[in-house]
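Chemist: Here it is: the structure, laid out below.
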Amino acid sequence: MKKVWMVLPVCAFALGACVTINIYFPAAAAEKAADKIIEEVWQQTDKPVIKESK
Amino acid sequence: MKTMFKFLLALLALTAALNVFAAADLEVNTPGVNAIKNSMQARHAQLAGYYDSGAVGITMDGMISVRDAGSIPLAARQSVNALVAAENKDREALYAEIANANGHPEWAPEIRSTFAQRWTQRAQSGWWVLTNNGWSQK
């Protein structure tokens, strides 16, 4: 039963790591999401729309 | 000891699951987000001309603002103001909605600043964007 006291801190650390991962703001994913929404709102393709001249 | 092993295994699975979650995309395909997006898309048809003329510009905080009211015909000024106000309300709601949809309402300010950068960067040439040195035309 002594081993419990060795494993417990490890568990606590692992659990803490999980929470930390989850708290971080996923900047890259947010950028991707923003691009997707902006494209749709502004009806852009990847390139800026070039006006057709007659 | 068996219980402890099981516990550790569960913890490992949980860690793995959360790792996957953290790496995944932000959820933006919810009814709430889509409704705001559609509303903004419809409004854009009315706003586009004012972006082109420079009457309306993109600010640094993920919003838009009337930049040159003088270039808007007097009769249309009121409606442009209303358009800008409605757009900003939608944008505010959009950032909050994305944060909520991902279970992190506290992310709204970061989502807003991410959008702010992307709106500015993706603005078409000729449109006006606010920078630290004032308005600048793309």
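Naming scheme: A, B, ... for chains in displayed order of the structure tokens; residues 1 onward per chain; ligands 1 onward as shown.
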Select residues of chain B: the criterion is any atom within 7 Å of an atom of chain A, counting only C-alpha atoms; output as a PyMOL selection string.

Modeler: chain B and resi 15+18+22+25-26+28+37+40-41+44+107+111+114-115+118-119+124

Chemist: What separation in Å, quoted to one decimal, exists between CA of Arg112 in chain B and CA of Asp61 in chain B?

Modeler: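 Distance reported for this atom pair: 7.1 Å.
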
Chemist: Could you pull the residues within 8 Å of range 78-95 of chain B, counting only C-alpha atoms, minus those fewer than 2 positions along the same chain, as a ChimeraX atom specification?

Modeler: /B:33,36-37,39-40,43,47,62-66,74-76,97-99,108-109,111-112

Chemist: Take the residues just selected and output them with N, CA and C atoms as a PDB file, in the first residue's frame.

Modeler:
ATOM      1  N   VAL B  33     -24.207  29.596 -34.596  1.00  0.00           N
ATOM      2  CA  VAL B  33     -23.156  30.227 -35.401  1.00  0.00           C
ATOM      3  C   VAL B  33     -23.647  30.413 -36.835  1.00  0.00           C
ATOM      4  N   ILE B  36     -26.063  33.416 -37.299  1.00  0.00           N
ATOM      5  CA  ILE B  36     -25.382  34.717 -37.298  1.00  0.00           C
ATOM      6  C   ILE B  36     -24.616  34.895 -38.608  1.00  0.00           C
ATOM      7  N   LYS B  37     -23.973  33.831 -39.033  1.00  0.00           N
ATOM      8  CA  LYS B  37     -23.182  33.888 -40.261  1.00  0.00           C
ATOM      9  C   LYS B  37     -24.072  34.247 -41.457  1.00  0.00           C
ATOM     10  N   SER B  39     -26.897  35.811 -41.422  1.00  0.00           N
ATOM     11  CA  SER B  39     -27.361  37.187 -41.284  1.00  0.00           C
ATOM     12  C   SER B  39     -26.268  38.154 -41.752  1.00  0.00           C
ATOM     13  N   MET B  40     -25.030  37.856 -41.402  1.00  0.00           N
ATOM     14  CA  MET B  40     -23.911  38.714 -41.804  1.00  0.00           C
ATOM     15  C   MET B  40     -23.672  38.638 -43.311  1.00  0.00           C
ATOM     16  N   ARG B  43     -26.201  40.738 -45.019  1.00  0.00           N
ATOM     17  CA  ARG B  43     -25.926  42.159 -44.826  1.00  0.00           C
ATOM     18  C   ARG B  43     -24.735  42.618 -45.667  1.00  0.00           C
ATOM     19  N   LEU B  47     -23.413  46.156 -47.459  1.00  0.00           N
ATOM     20  CA  LEU B  47     -22.249  46.866 -46.917  1.00  0.00           C
ATOM     21  C   LEU B  47     -21.089  46.961 -47.911  1.00  0.00           C
ATOM     22  N   GLY B  62     -12.051  43.791 -34.405  1.00  0.00           N
ATOM     23  CA  GLY B  62     -12.956  42.805 -34.984  1.00  0.00           C
ATOM     24  C   GLY B  62     -14.331  43.359 -35.294  1.00  0.00           C
ATOM     25  N   MET B  63     -14.414  44.676 -35.384  1.00  0.00           N
ATOM     26  CA  MET B  63     -15.697  45.318 -35.678  1.00  0.00           C
ATOM     27  C   MET B  63     -15.545  46.157 -36.943  1.00  0.00           C
ATOM     28  N   ILE B  64     -16.588  46.898 -37.297  1.00  0.00           N
ATOM     29  CA  ILE B  64     -16.495  47.854 -38.396  1.00  0.00           C
ATOM     30  C   ILE B  64     -17.000  49.199 -37.890  1.00  0.00           C
ATOM     31  N   SER B  65     -16.675  50.243 -38.618  1.00  0.00           N
ATOM     32  CA  SER B  65     -17.165  51.546 -38.197  1.00  0.00           C
ATOM     33  C   SER B  65     -17.307  52.469 -39.400  1.00  0.00           C
ATOM     34  N   VAL B  66     -18.183  53.466 -39.250  1.00  0.00           N
ATOM     35  CA  VAL B  66     -18.311  54.467 -40.296  1.00  0.00           C
ATOM     36  C   VAL B  66     -17.036  55.293 -40.268  1.00  0.00           C
ATOM     37  N   LEU B  74     -26.687  61.968 -47.883  1.00  0.00           N
ATOM     38  CA  LEU B  74     -27.396  62.289 -46.642  1.00  0.00           C
ATOM     39  C   LEU B  74     -28.552  61.328 -46.369  1.00  0.00           C
ATOM     40  N   ALA B  75     -29.280  61.011 -47.416  1.00  0.00           N
ATOM     41  CA  ALA B  75     -30.472  60.177 -47.255  1.00  0.00           C
ATOM     42  C   ALA B  75     -30.117  58.764 -46.781  1.00  0.00           C
ATOM     43  N   ALA B  76     -28.908  58.337 -47.103  1.00  0.00           N
ATOM     44  CA  ALA B  76     -28.532  56.954 -46.794  1.00  0.00           C
ATOM     45  C   ALA B  76     -27.777  56.838 -45.476  1.00  0.00           C
ATOM     46  N   GLU B  97     -20.698  33.239 -29.439  1.00  0.00           N
ATOM     47  CA  GLU B  97     -21.355  31.985 -29.800  1.00  0.00           C
ATOM     48  C   GLU B  97     -20.319  30.894 -30.106  1.00  0.00           C
ATOM     49  N   ILE B  98     -19.251  31.279 -30.796  1.00  0.00           N
ATOM     50  CA  ILE B  98     -18.197  30.297 -31.098  1.00  0.00           C
ATOM     51  C   ILE B  98     -17.551  29.825 -29.794  1.00  0.00           C
ATOM     52  N   ALA B  99     -17.296  30.773 -28.898  1.00  0.00           N
ATOM     53  CA  ALA B  99     -16.700  30.415 -27.602  1.00  0.00           C
ATOM     54  C   ALA B  99     -17.623  29.465 -26.842  1.00  0.00           C
ATOM     55  N   ALA B 108     -13.996  34.070 -25.737  1.00  0.00           N
ATOM     56  CA  ALA B 108     -14.582  35.068 -26.648  1.00  0.00           C
ATOM     57  C   ALA B 108     -13.613  36.207 -27.008  1.00  0.00           C
ATOM     58  N   PRO B 109     -12.916  36.797 -26.033  1.00  0.00           N
ATOM     59  CA  PRO B 109     -11.998  37.888 -26.403  1.00  0.00           C
ATOM     60  C   PRO B 109     -10.869  37.431 -27.331  1.00  0.00           C
ATOM     61  N   ILE B 111     -11.043  34.881 -29.423  1.00  0.00           N
ATOM     62  CA  ILE B 111     -11.652  34.612 -30.727  1.00  0.00           C
ATOM     63  C   ILE B 111     -11.863  35.923 -31.466  1.00  0.00           C
ATOM     64  N   ARG B 112     -12.293  36.927 -30.727  1.00  0.00           N
ATOM     65  CA  ARG B 112     -12.488  38.237 -31.329  1.00  0.00           C
ATOM     66  C   ARG B 112     -11.181  38.793 -31.900  1.00  0.00           C
TER      67      ARG B 112
END

Chemist: If you run DSSP on this backbone, which residues of chain B come out as helix (DSSP H, G or I), and could you give them as a PyMOL selection string?

Modeler: chain B and resi 2-23+31-53+69-71+74-101+105-122

Chemist: For the atom pair CA of Ala55 in chain B and CA of Gly126 in chain B, what is the interatomic distance in Å to one decimal place?

Modeler: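 Computing the Euclidean distance for CA of Ala55 in chain B and CA of Gly126 in chain B yields 11.4 Å.
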